[in-house]
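A short worksheet on the structure shown next.
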Amino acid sequence: MLKTHSCGDLSKKDVGAEVTLAGWVDRRRDHGGLIFIDLRDREGLVQAVFNPDSSPDCHEIASRMRSEYVIKVSGEVALRPKGTENPKLPTGDIEVIVHSAEILNTSKTPPFYINEEVELEESLRLKYRYLDLRRARMRKNLLLRHRVIKFIRDFLDDKGFIEVETPILIKSTPEGARDYLVPSRVHAGKFYALPQSPQQLKQLLMVAGVEKYFQIARCFRDEDTRADRQPEFTQLDLEMSFVEEEDILGLMEELFTAMVETVRPESKIIKPFSRLSYAEAMERYGTDKPDLRFGLELKDLTDIAAQTEFAIFRSAIDQGGKVRGICIPGCGGYSRRQLDELNKLVQGLGAGGLVTIALGAGGGKLDALTIEEVKSVVAKFFTIDQVKQMGQRLEAEKGDLLLIVAGKPEIVDICLSELRQEMAKRLELADPNTFAFSFIIDFPLLSKNEETGLWEPMHHPFTAPREEDIPLLDSAPEKVRGRHYDLVCNGYEIAGGSIRIHTSGLQRKLFKLLGYSDEQVEERFGHLLKAFDYGAPPHGGIAAGIDRVVMLLAGEETIREVIAFPKNQNAADLTFDAPSPVSEEQLAELHLRLREER
RNA sequence: GGCCCCGUGGUGUAGCGGUCUAACAUGCCACCCUGUCACGGUGGAGAUCGGGGGUUCGAAUCCCCCCGGGGUCGCCA
């Protein structure tokens, strides 16, 4: 090793010790005589002192050092002179008096600050990711990610799980997300697909008798990116035999509770995890991944709206739509401009518009509200009683702001859910230091695709229906409840799983209901069905999005901040400039010819 | 594919029709400085304002198209 200690590990206890350190020049302070160098390595910073009187050679070398130069120094750890300690630095009580110095490598001036926290254009960071990762924030995130994964491995190992690797080159199954395809050289015209998740593989491992499996698994989905979605991402994939819902939920609750308490001991976690049915989540929050750190619950106003003279409400209801709203406390004084912003938000989500009703400016009981105090561009269509009824339903007081959306149920839900999130952000209602986990349960097994008229799985086609609902598969598929569960936290879906179907008969029945022909079933799922015929145990599991979990724990807003080398919004790697063209020879070997695109 | 936001010295911002020959901070370079720690001081270099077209007597500024980046809807079994 070129070093005996890490910079950030030094402390008073090392005073008097002779140390050799190596790292990067974080900052240089040249006093003409004395030169101070803040030397940085992975563990932190320490001040190195170069004195021209005692070590003129070193001083000369130090005068040539610049930011991000890689250097090696030897010297004695000393207490700083009284009054020159730096309480802002963990190593601020000490310094290293250098008597031997070497420049191991020079550095160009970096394209951005390594030693300061500045918001940068992300494309620049990604282009120079290796420099970006030197910054304290990224170093911290990488370390946190490591600790989370280490924690998971230790925890599950302790519970008797074994980690099994599954193939990255596997078979395309066209349902679900778009596959990433890999052409085969050996088999002309055939392709592997990268796994969207190891779902079927882990079920085969259950048939294999593994009983308790997990994997930190890379997954690939060729779909558009989001702040919390990347083309490739990492899941904690987990499956157990001989379990029921409670076994998996209990395990997850224990895992996540212990994880948060270990890696973020200063944060608050709401225990026990709450549980919401899918229906209740949609009813109260308009989404199946609500942020439960604050209220602002949605209420249905359809019955009241139907009584009003407001044509937009009435026509929405006539067309099978609904009218719902939320109450924003204390925002009755919102400006025209602020209301316009909210209106734009819902219009961007497909709603015709947003009805805002300001219930006066001051506080006080709703009963005291007068029609003169009500501020709304559509106030003339409502009686004061109707306004009060809506206010009452929304548990409003004077001074509050009602936000109401009418239209197709899905649109209304998504608009109000987004408004709820937006207003919570503006009013800072969500404590960033709290983790509000919740299990979402009782999902319908199927949902009808309005365009194709076909039944589609809510989760995936391997999810078991509730035993008592199986007869409904023939008569009323929409009423069948799936044995599916999600884990959400602070507005993000961080895990989803289910008890699976483990008999080929029921699995075939499901496939049939989903509209697959016998040939398709055989071609795509024959391996799984065949396996089920050889003593498949009842089993179930869950998959958690590691990137999202680490993002939440790190307090970051995108998963790119917790991935070492993420893709950008266009699924490109800016460090490598991937994807990139390949040679004609490479294509020929793979039996490929590029199409002319118009 | 749709919608919204952003693009000005290396970096981060200001400027939003004329005095912009583009400002500020920081970084960079040189010199001075022996206890600083976002060291300090003096001086200097560094941007045809993402690209193209248009409007105008005049465009960083207004309009259109394109490119790049971000957010989001669709999509994500």
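By convention here, the chains of the structure tokens are called A, B, ... in the order presented, each chain's residues are numbered starting at 1, and ligands are numbered starting at 1 in the order presented.
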
Looking only at the backbone, which of the residues in stretch 91-170 of chain A does DSSP tag as alpha helix (DSSP H), as a count of residues only?
33

For stretch 300-306 of chain A, work out the shell of residues within 6 Å, counting only C-alpha atoms (C1' of nucleotides) and skipping chain neighbours fewer than 2 positions away, then give it as a ChimeraX atom specification.
/A:308,314,322-324

With all heavy atoms retained, export the selected residues as a PDB file, in the first residue's frame.
```pdb
ATOM      1  N   THR A 308     -76.026  20.947  -8.299  1.00  0.00           N
ATOM      2  CA  THR A 308     -75.691  22.333  -8.643  1.00  0.00           C
ATOM      3  C   THR A 308     -76.140  22.679 -10.050  1.00  0.00           C
ATOM      4  O   THR A 308     -76.542  21.814 -10.828  1.00  0.00           O
ATOM      5  CB  THR A 308     -74.167  22.573  -8.570  1.00  0.00           C
ATOM      6  OG1 THR A 308     -73.530  21.828  -9.621  1.00  0.00           O
ATOM      7  CG2 THR A 308     -73.610  22.134  -7.229  1.00  0.00           C
ATOM      8  N   ARG A 314     -72.405  18.596 -14.180  1.00  0.00           N
ATOM      9  CA  ARG A 314     -73.544  17.743 -14.537  1.00  0.00           C
ATOM     10  C   ARG A 314     -73.244  16.888 -15.757  1.00  0.00           C
ATOM     11  O   ARG A 314     -73.604  15.714 -15.797  1.00  0.00           O
ATOM     12  CB  ARG A 314     -74.783  18.606 -14.751  1.00  0.00           C
ATOM     13  CG  ARG A 314     -75.094  19.426 -13.494  1.00  0.00           C
ATOM     14  CD  ARG A 314     -76.336  20.222 -13.641  1.00  0.00           C
ATOM     15  NE  ARG A 314     -77.504  19.355 -13.736  1.00  0.00           N
ATOM     16  CZ  ARG A 314     -78.640  19.613 -13.139  1.00  0.00           C
ATOM     17  NH1 ARG A 314     -78.776  20.693 -12.409  1.00  0.00           N
ATOM     18  NH2 ARG A 314     -79.662  18.796 -13.271  1.00  0.00           N
ATOM     19  N   LYS A 322     -67.166  11.320 -12.351  1.00  0.00           N
ATOM     20  CA  LYS A 322     -67.427  11.657 -10.965  1.00  0.00           C
ATOM     21  C   LYS A 322     -66.781  12.992 -10.634  1.00  0.00           C
ATOM     22  O   LYS A 322     -65.995  13.533 -11.422  1.00  0.00           O
ATOM     23  CB  LYS A 322     -66.915  10.562 -10.035  1.00  0.00           C
ATOM     24  CG  LYS A 322     -65.422  10.311 -10.130  1.00  0.00           C
ATOM     25  CD  LYS A 322     -65.033   9.118  -9.247  1.00  0.00           C
ATOM     26  CE  LYS A 322     -63.554   8.819  -9.382  1.00  0.00           C
ATOM     27  NZ  LYS A 322     -63.158   7.626  -8.619  1.00  0.00           N
ATOM     28  N   VAL A 323     -67.147  13.493  -9.489  1.00  0.00           N
ATOM     29  CA  VAL A 323     -66.616  14.774  -9.029  1.00  0.00           C
ATOM     30  C   VAL A 323     -66.000  14.543  -7.663  1.00  0.00           C
ATOM     31  O   VAL A 323     -66.665  14.042  -6.752  1.00  0.00           O
ATOM     32  CB  VAL A 323     -67.738  15.844  -8.928  1.00  0.00           C
ATOM     33  CG1 VAL A 323     -67.150  17.169  -8.470  1.00  0.00           C
ATOM     34  CG2 VAL A 323     -68.455  15.987 -10.266  1.00  0.00           C
ATOM     35  N   ARG A 324     -64.699  14.864  -7.541  1.00  0.00           N
ATOM     36  CA  ARG A 324     -64.032  14.662  -6.258  1.00  0.00           C
ATOM     37  C   ARG A 324     -63.178  15.876  -5.947  1.00  0.00           C
ATOM     38  O   ARG A 324     -62.876  16.691  -6.824  1.00  0.00           O
ATOM     39  CB  ARG A 324     -63.152  13.402  -6.290  1.00  0.00           C
ATOM     40  CG  ARG A 324     -63.916  12.152  -6.733  1.00  0.00           C
ATOM     41  CD  ARG A 324     -63.061  10.927  -6.646  1.00  0.00           C
ATOM     42  NE  ARG A 324     -62.850  10.530  -5.270  1.00  0.00           N
ATOM     43  CZ  ARG A 324     -61.937   9.631  -4.884  1.00  0.00           C
ATOM     44  NH1 ARG A 324     -61.161   9.053  -5.773  1.00  0.00           N
ATOM     45  NH2 ARG A 324     -61.803   9.315  -3.616  1.00  0.00           N
TER      46      ARG A 324
END
```

Could you make a table, as a Markdown table, of the residues of chain B that have an atom within 6 Å of an atom of chain A, each with its nearest atom pair and distance in Å to one decimal, counting only C-alpha atoms (C1' of nucleotides), in chain and number order?
```
| residue | atom | partner | partner_atom | distance |
| --- | --- | --- | --- | --- |
| B:C3 | C1' | A:Gly348 | CA | 6.0 |
| B:G10 | C1' | A:Pro111 | CA | 5.7 |
| B:U11 | C1' | A:Phe112 | CA | 5.3 |
| B:C33 | C1' | A:Gly32 | CA | 5.2 |
| B:U34 | C1' | A:Gly33 | CA | 4.6 |
| B:A77 | C1' | A:Gly176 | CA | 3.4 |
```

Would you kindly return, as a PDB file with N, CA, C and O atoms (P, O5', C5', C4', C3', O3' and C1' of nucleotides), in the first residue's frame, each protein, DNA or RNA residue with an atom no farther than 12 Å from any atom of B:G15, considering only C-alpha atoms (C1' of nucleotides) and excluding same-chain residues fewer than 4 positions away?
```pdb
ATOM      1  P     U B   8     -26.104  27.965 -20.625  1.00  0.00           P
ATOM      2  O5'   U B   8     -26.029  29.452 -21.192  1.00  0.00           O
ATOM      3  C5'   U B   8     -25.520  29.686 -22.495  1.00  0.00           C
ATOM      4  C4'   U B   8     -24.897  31.053 -22.565  1.00  0.00           C
ATOM      5  C3'   U B   8     -23.737  31.283 -21.599  1.00  0.00           C
ATOM      6  O3'   U B   8     -22.520  30.786 -22.131  1.00  0.00           O
ATOM      7  C1'   U B   8     -25.225  33.102 -21.476  1.00  0.00           C
ATOM      8  P     C B  20     -23.707  48.703 -21.729  1.00  0.00           P
ATOM      9  O5'   C B  20     -23.097  47.448 -22.440  1.00  0.00           O
ATOM     10  C5'   C B  20     -22.467  47.504 -23.693  1.00  0.00           C
ATOM     11  C4'   C B  20     -22.603  46.149 -24.328  1.00  0.00           C
ATOM     12  C3'   C B  20     -23.596  46.097 -25.487  1.00  0.00           C
ATOM     13  O3'   C B  20     -23.030  45.340 -26.536  1.00  0.00           O
ATOM     14  C1'   C B  20     -24.148  44.461 -23.873  1.00  0.00           C
ATOM     15  P     A B  22     -18.249  42.767 -24.219  1.00  0.00           P
ATOM     16  O5'   A B  22     -19.755  43.037 -23.796  1.00  0.00           O
ATOM     17  C5'   A B  22     -20.096  43.794 -22.631  1.00  0.00           C
ATOM     18  C4'   A B  22     -21.141  43.053 -21.836  1.00  0.00           C
ATOM     19  C3'   A B  22     -20.595  41.974 -20.878  1.00  0.00           C
ATOM     20  O3'   A B  22     -20.231  42.539 -19.638  1.00  0.00           O
ATOM     21  C1'   A B  22     -22.367  41.071 -22.154  1.00  0.00           C
ATOM     22  P     A B  23     -18.831  42.400 -19.045  1.00  0.00           P
ATOM     23  O5'   A B  23     -19.096  42.690 -17.522  1.00  0.00           O
ATOM     24  C5'   A B  23     -19.822  43.859 -17.119  1.00  0.00           C
ATOM     25  C4'   A B  23     -20.798  43.508 -16.028  1.00  0.00           C
ATOM     26  C3'   A B  23     -20.244  42.605 -14.941  1.00  0.00           C
ATOM     27  O3'   A B  23     -19.496  43.341 -13.989  1.00  0.00           O
ATOM     28  C1'   A B  23     -22.343  41.778 -15.622  1.00  0.00           C
ATOM     29  P     C B  24     -18.243  42.659 -13.283  1.00  0.00           P
ATOM     30  O5'   C B  24     -18.972  41.709 -12.229  1.00  0.00           O
ATOM     31  C5'   C B  24     -19.805  42.275 -11.221  1.00  0.00           C
ATOM     32  C4'   C B  24     -20.482  41.177 -10.435  1.00  0.00           C
ATOM     33  C3'   C B  24     -19.564  40.098  -9.886  1.00  0.00           C
ATOM     34  O3'   C B  24     -18.885  40.505  -8.720  1.00  0.00           O
ATOM     35  C1'   C B  24     -21.477  39.100 -10.838  1.00  0.00           C
ATOM     36  P     C B  49     -23.846  33.909 -29.848  1.00  0.00           P
ATOM     37  O5'   C B  49     -24.388  33.448 -28.433  1.00  0.00           O
ATOM     38  C5'   C B  49     -23.708  32.454 -27.658  1.00  0.00           C
ATOM     39  C4'   C B  49     -24.396  32.328 -26.331  1.00  0.00           C
ATOM     40  C3'   C B  49     -25.909  32.261 -26.448  1.00  0.00           C
ATOM     41  O3'   C B  49     -26.435  31.400 -25.446  1.00  0.00           O
ATOM     42  C1'   C B  49     -25.299  34.193 -25.242  1.00  0.00           C
ATOM     43  P     A B  60     -27.613  39.665 -29.968  1.00  0.00           P
ATOM     44  O5'   A B  60     -27.607  38.595 -28.797  1.00  0.00           O
ATOM     45  C5'   A B  60     -27.794  37.211 -29.087  1.00  0.00           C
ATOM     46  C4'   A B  60     -28.387  36.515 -27.901  1.00  0.00           C
ATOM     47  C3'   A B  60     -29.859  36.813 -27.643  1.00  0.00           C
ATOM     48  O3'   A B  60     -30.678  35.915 -28.351  1.00  0.00           O
ATOM     49  C1'   A B  60     -28.616  37.102 -25.650  1.00  0.00           C
ATOM     50  P     U B  61     -32.086  36.337 -28.931  1.00  0.00           P
ATOM     51  O5'   U B  61     -32.837  37.018 -27.690  1.00  0.00           O
ATOM     52  C5'   U B  61     -33.365  36.225 -26.634  1.00  0.00           C
ATOM     53  C4'   U B  61     -33.982  37.134 -25.599  1.00  0.00           C
ATOM     54  C3'   U B  61     -35.225  37.871 -26.079  1.00  0.00           C
ATOM     55  O3'   U B  61     -36.224  37.845 -25.075  1.00  0.00           O
ATOM     56  C1'   U B  61     -33.586  39.428 -25.356  1.00  0.00           C
TER      57        U B  61
END
```

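Compared by their closest atoms to A:Arg293, and using only C-alpha atoms, the residues A:Leu429, A:Val98, A:Ala316, A:Met390 rank with A:Leu429 nearest.
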
Any idea what's packed within 8 Å of stretch 236-246 of chain A, counting only C-alpha atoms (C1' of nucleotides), ignoring anything in its chain fewer than 2 positions away? Could you give it as number ranges by chain?
A: 198, 202-203, 206, 211-217, 234, 248-250, 483, 498-499, 537-546

Generate a file of the selected residues that holds N, CA, C and O atoms, formatted as a compact mmCIF listing (two decimals), in the first residue's frame.
```
# COMPACT_ATOMS: atom_id res chain seq x y z
N PRO A 198 -36.48 -11.82 -12.57
CA PRO A 198 -36.27 -13.28 -12.59
C PRO A 198 -37.51 -14.06 -12.17
O PRO A 198 -37.38 -15.16 -11.63
N LYS A 202 -37.29 -17.75 -10.49
CA LYS A 202 -37.36 -18.00 -9.05
C LYS A 202 -38.48 -18.98 -8.74
O LYS A 202 -38.39 -19.76 -7.79
N GLN A 203 -39.53 -18.98 -9.56
CA GLN A 203 -40.58 -19.97 -9.34
C GLN A 203 -40.04 -21.37 -9.63
O GLN A 203 -40.37 -22.33 -8.93
N MET A 206 -38.25 -22.62 -6.75
CA MET A 206 -39.13 -23.16 -5.73
C MET A 206 -39.46 -24.62 -6.05
O MET A 206 -39.45 -25.48 -5.18
N GLU A 211 -36.63 -23.45 -1.52
CA GLU A 211 -37.48 -23.02 -0.39
C GLU A 211 -37.34 -21.55 -0.01
O GLU A 211 -38.32 -20.86 0.20
N LYS A 212 -36.11 -21.10 0.18
CA LYS A 212 -35.94 -19.68 0.51
C LYS A 212 -34.85 -19.10 -0.38
O LYS A 212 -33.67 -19.36 -0.15
N TYR A 213 -35.29 -18.36 -1.36
CA TYR A 213 -34.35 -17.81 -2.36
C TYR A 213 -34.36 -16.29 -2.31
O TYR A 213 -35.39 -15.67 -2.05
N PHE A 214 -33.21 -15.69 -2.54
CA PHE A 214 -33.21 -14.26 -2.84
C PHE A 214 -32.06 -13.97 -3.78
O PHE A 214 -31.17 -14.80 -4.02
N GLN A 215 -32.13 -12.77 -4.38
CA GLN A 215 -31.09 -12.34 -5.29
C GLN A 215 -31.13 -10.81 -5.38
O GLN A 215 -32.20 -10.23 -5.38
N ILE A 216 -29.96 -10.22 -5.40
CA ILE A 216 -29.87 -8.80 -5.77
C ILE A 216 -29.74 -8.82 -7.28
O ILE A 216 -28.67 -9.04 -7.82
N ALA A 217 -30.88 -8.64 -7.94
CA ALA A 217 -30.97 -8.98 -9.36
C ALA A 217 -31.08 -7.75 -10.25
O ALA A 217 -31.85 -6.84 -9.96
N THR A 234 -32.15 -2.45 -10.20
CA THR A 234 -31.81 -3.56 -9.33
C THR A 234 -32.97 -3.88 -8.39
O THR A 234 -33.53 -2.97 -7.77
N ILE A 248 -44.83 -13.33 4.05
CA ILE A 248 -44.04 -12.40 3.24
C ILE A 248 -44.13 -10.98 3.81
O ILE A 248 -43.12 -10.29 3.96
N LEU A 249 -45.34 -10.56 4.15
CA LEU A 249 -45.50 -9.20 4.66
C LEU A 249 -44.74 -9.02 5.97
O LEU A 249 -44.08 -8.00 6.19
N GLY A 250 -44.82 -10.03 6.82
CA GLY A 250 -44.11 -9.96 8.10
C GLY A 250 -42.61 -9.86 7.90
O GLY A 250 -41.94 -9.06 8.55
N ARG A 483 -54.00 -12.51 -4.91
CA ARG A 483 -53.22 -12.58 -3.64
C ARG A 483 -51.95 -11.75 -3.80
O ARG A 483 -50.84 -12.20 -3.54
N SER A 498 -46.58 -11.46 -4.66
CA SER A 498 -47.83 -12.19 -4.55
C SER A 498 -47.57 -13.63 -4.13
O SER A 498 -46.44 -14.11 -4.18
N ILE A 499 -48.63 -14.27 -3.72
CA ILE A 499 -48.65 -15.72 -3.64
C ILE A 499 -48.94 -16.20 -5.06
O ILE A 499 -49.80 -15.65 -5.74
N PRO A 537 -44.23 -26.77 -5.04
CA PRO A 537 -44.79 -26.42 -3.72
C PRO A 537 -45.57 -25.10 -3.82
O PRO A 537 -45.27 -24.28 -4.69
N PRO A 538 -46.52 -24.91 -2.92
CA PRO A 538 -47.12 -23.58 -2.84
C PRO A 538 -46.01 -22.57 -2.52
O PRO A 538 -45.12 -22.86 -1.73
N HIS A 539 -46.05 -21.43 -3.17
CA HIS A 539 -44.97 -20.47 -2.95
C HIS A 539 -45.41 -19.06 -3.24
O HIS A 539 -46.45 -18.82 -3.85
N GLY A 540 -44.61 -18.14 -2.79
CA GLY A 540 -44.91 -16.73 -3.01
C GLY A 540 -43.69 -15.90 -2.70
O GLY A 540 -42.72 -16.40 -2.11
N GLY A 541 -43.73 -14.67 -3.10
CA GLY A 541 -42.55 -13.84 -2.87
C GLY A 541 -42.83 -12.39 -3.15
O GLY A 541 -43.99 -11.95 -3.20
N ILE A 542 -41.76 -11.66 -3.34
CA ILE A 542 -41.88 -10.21 -3.52
C ILE A 542 -40.59 -9.71 -4.17
O ILE A 542 -39.55 -10.38 -4.09
N ALA A 543 -40.68 -8.59 -4.83
CA ALA A 543 -39.48 -7.97 -5.39
C ALA A 543 -39.49 -6.50 -5.02
O ALA A 543 -40.50 -5.81 -5.19
N ALA A 544 -38.38 -6.04 -4.48
CA ALA A 544 -38.28 -4.66 -4.02
C ALA A 544 -37.30 -3.88 -4.89
O ALA A 544 -36.25 -4.41 -5.27
N GLY A 545 -37.64 -2.67 -5.20
CA GLY A 545 -36.76 -1.83 -6.00
C GLY A 545 -35.66 -1.21 -5.16
O GLY A 545 -35.89 -0.27 -4.39
N ILE A 546 -34.48 -1.79 -5.29
CA ILE A 546 -33.36 -1.33 -4.47
C ILE A 546 -33.04 0.15 -4.73
O ILE A 546 -32.77 0.92 -3.80
```

Would you list, as a PyMOL selection string, the residues of stretch 370-496 of chain A that end up in strand (DSSP E) under DSSP run on this structure's backbone?
chain A and resi 374-375+401-407+434-435+437-441+446-448+455-457+484-489+492-496

For stretch 394-434 of chain A versus stretch 361-383 of chain A, which residues have an atom no more than 7 Å away, and what is each residue's nearest atom pair and distance in Å rounded to one decimal, using only C-alpha atoms, chain-then-number order, as a Markdown table?
```
| residue | atom | partner | partner_atom | distance |
| --- | --- | --- | --- | --- |
| A:Ala396 | CA | A:Leu366 | CA | 6.9 |
| A:Glu397 | CA | A:Leu366 | CA | 4.9 |
| A:Lys398 | CA | A:Gly363 | CA | 4.8 |
| A:Gly399 | CA | A:Ala361 | CA | 4.5 |
```

Pick out the closest residue to A:Thr575 from this set: A:Tyr334, A:Pro444, A:Lys127, A:Phe191. Count only C-alpha atoms.
A:Lys127

Between atom CA of A:His5 and atom CA of A:Leu21, what distance in Å does the model show, to one decimal?
6.0 Å

Skip A:Glu68 itself and residues of its chain fewer than 3 positions away, then list as a PyMOL selection string all residues within 9 Å of it, counting only C-alpha atoms (C1' of nucleotides).
chain A and resi 23-27+65+71+106-110+114

Give me the residues near A:Leu292 as a PyMOL selection string, where near means some atom within 10 Å (using only C-alpha atoms (C1' of nucleotides)) and where sequence neighbours in that chain fewer than 6 positions away do not count.
chain A and resi 270+274+285+430+435-438+488-491

Pairwise distance for atom CA of A:Leu394 and atom CA of A:Asp291, rounded to one decimal in Å:
18.6 Å

With a distance cut-off of 10 Å and only C-alpha atoms (C1' of nucleotides), select the neighbouring residues of A:Leu298, excluding the residue or stretch itself and same-chain residues fewer than 5 positions from it, and output the selection as a PyMOL selection string.
chain A and resi 281-286+324-327+393-394+403-404+413+416-417+420

Go ahead and write the selection's residues with N, CA, C and O atoms as a PDB file, in the first residue's frame.
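Final output, again.pdb:
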```
ATOM      1  N   ALA A 281     -57.190   2.766  -0.849  1.00  0.00           N
ATOM      2  CA  ALA A 281     -56.138   3.684  -1.277  1.00  0.00           C
ATOM      3  C   ALA A 281     -56.631   4.576  -2.405  1.00  0.00           C
ATOM      4  O   ALA A 281     -56.413   5.791  -2.395  1.00  0.00           O
ATOM      5  N   MET A 282     -57.316   3.962  -3.371  1.00  0.00           N
ATOM      6  CA  MET A 282     -57.829   4.755  -4.488  1.00  0.00           C
ATOM      7  C   MET A 282     -58.879   5.745  -4.003  1.00  0.00           C
ATOM      8  O   MET A 282     -58.925   6.883  -4.454  1.00  0.00           O
ATOM      9  N   GLU A 283     -59.721   5.287  -3.099  1.00  0.00           N
ATOM     10  CA  GLU A 283     -60.791   6.130  -2.570  1.00  0.00           C
ATOM     11  C   GLU A 283     -60.226   7.336  -1.806  1.00  0.00           C
ATOM     12  O   GLU A 283     -60.633   8.461  -2.016  1.00  0.00           O
ATOM     13  N   ARG A 284     -59.261   7.075  -0.942  1.00  0.00           N
ATOM     14  CA  ARG A 284     -58.783   8.148  -0.064  1.00  0.00           C
ATOM     15  C   ARG A 284     -57.678   8.994  -0.680  1.00  0.00           C
ATOM     16  O   ARG A 284     -57.478  10.140  -0.281  1.00  0.00           O
ATOM     17  N   TYR A 285     -56.924   8.385  -1.610  1.00  0.00           N
ATOM     18  CA  TYR A 285     -55.757   9.117  -2.129  1.00  0.00           C
ATOM     19  C   TYR A 285     -55.693   9.199  -3.650  1.00  0.00           C
ATOM     20  O   TYR A 285     -54.849   9.909  -4.188  1.00  0.00           O
ATOM     21  N   GLY A 286     -56.538   8.438  -4.336  1.00  0.00           N
ATOM     22  CA  GLY A 286     -56.548   8.494  -5.788  1.00  0.00           C
ATOM     23  C   GLY A 286     -55.364   7.809  -6.436  1.00  0.00           C
ATOM     24  O   GLY A 286     -55.134   7.969  -7.624  1.00  0.00           O
ATOM     25  N   ARG A 324     -64.699  14.864  -7.541  1.00  0.00           N
ATOM     26  CA  ARG A 324     -64.032  14.662  -6.258  1.00  0.00           C
ATOM     27  C   ARG A 324     -63.178  15.876  -5.947  1.00  0.00           C
ATOM     28  O   ARG A 324     -62.876  16.691  -6.824  1.00  0.00           O
ATOM     29  N   GLY A 325     -62.795  15.983  -4.706  1.00  0.00           N
ATOM     30  CA  GLY A 325     -62.020  17.168  -4.336  1.00  0.00           C
ATOM     31  C   GLY A 325     -61.143  16.925  -3.130  1.00  0.00           C
ATOM     32  O   GLY A 325     -61.226  15.891  -2.461  1.00  0.00           O
ATOM     33  N   ILE A 326     -60.262  17.897  -2.895  1.00  0.00           N
ATOM     34  CA  ILE A 326     -59.485  17.912  -1.659  1.00  0.00           C
ATOM     35  C   ILE A 326     -59.523  19.321  -1.087  1.00  0.00           C
ATOM     36  O   ILE A 326     -59.797  20.287  -1.802  1.00  0.00           O
ATOM     37  N   CYS A 327     -59.253  19.394   0.193  1.00  0.00           N
ATOM     38  CA  CYS A 327     -59.233  20.681   0.877  1.00  0.00           C
ATOM     39  C   CYS A 327     -57.801  21.024   1.279  1.00  0.00           C
ATOM     40  O   CYS A 327     -57.113  20.213   1.892  1.00  0.00           O
ATOM     41  N   ARG A 393     -68.022  18.175   3.634  1.00  0.00           N
ATOM     42  CA  ARG A 393     -67.559  16.862   3.179  1.00  0.00           C
ATOM     43  C   ARG A 393     -66.030  16.801   3.224  1.00  0.00           C
ATOM     44  O   ARG A 393     -65.427  15.797   3.561  1.00  0.00           O
ATOM     45  N   LEU A 394     -65.421  17.937   2.901  1.00  0.00           N
ATOM     46  CA  LEU A 394     -63.958  17.975   2.833  1.00  0.00           C
ATOM     47  C   LEU A 394     -63.335  18.427   4.150  1.00  0.00           C
ATOM     48  O   LEU A 394     -62.134  18.666   4.229  1.00  0.00           O
ATOM     49  N   LEU A 403     -60.175  22.225  -3.909  1.00  0.00           N
ATOM     50  CA  LEU A 403     -59.770  21.905  -5.280  1.00  0.00           C
ATOM     51  C   LEU A 403     -60.645  20.755  -5.751  1.00  0.00           C
ATOM     52  O   LEU A 403     -60.667  19.688  -5.121  1.00  0.00           O
ATOM     53  N   ILE A 404     -61.371  20.980  -6.834  1.00  0.00           N
ATOM     54  CA  ILE A 404     -62.362  20.002  -7.278  1.00  0.00           C
ATOM     55  C   ILE A 404     -62.158  19.680  -8.753  1.00  0.00           C
ATOM     56  O   ILE A 404     -61.946  20.577  -9.569  1.00  0.00           O
ATOM     57  N   ASP A 413     -58.917  10.899 -10.416  1.00  0.00           N
ATOM     58  CA  ASP A 413     -58.022  10.343  -9.403  1.00  0.00           C
ATOM     59  C   ASP A 413     -56.586  10.817  -9.593  1.00  0.00           C
ATOM     60  O   ASP A 413     -55.938  11.243  -8.639  1.00  0.00           O
ATOM     61  N   LEU A 416     -56.211  14.627  -8.733  1.00  0.00           N
ATOM     62  CA  LEU A 416     -56.262  14.968  -7.318  1.00  0.00           C
ATOM     63  C   LEU A 416     -55.068  14.379  -6.570  1.00  0.00           C
ATOM     64  O   LEU A 416     -54.537  14.983  -5.641  1.00  0.00           O
ATOM     65  N   SER A 417     -54.646  13.215  -7.015  1.00  0.00           N
ATOM     66  CA  SER A 417     -53.466  12.619  -6.399  1.00  0.00           C
ATOM     67  C   SER A 417     -52.239  13.510  -6.612  1.00  0.00           C
ATOM     68  O   SER A 417     -51.450  13.744  -5.688  1.00  0.00           O
ATOM     69  N   ARG A 420     -52.628  16.710  -4.594  1.00  0.00           N
ATOM     70  CA  ARG A 420     -52.350  16.409  -3.194  1.00  0.00           C
ATOM     71  C   ARG A 420     -50.840  16.422  -2.952  1.00  0.00           C
ATOM     72  O   ARG A 420     -50.336  17.027  -2.008  1.00  0.00           O
TER      73      ARG A 420
END
```
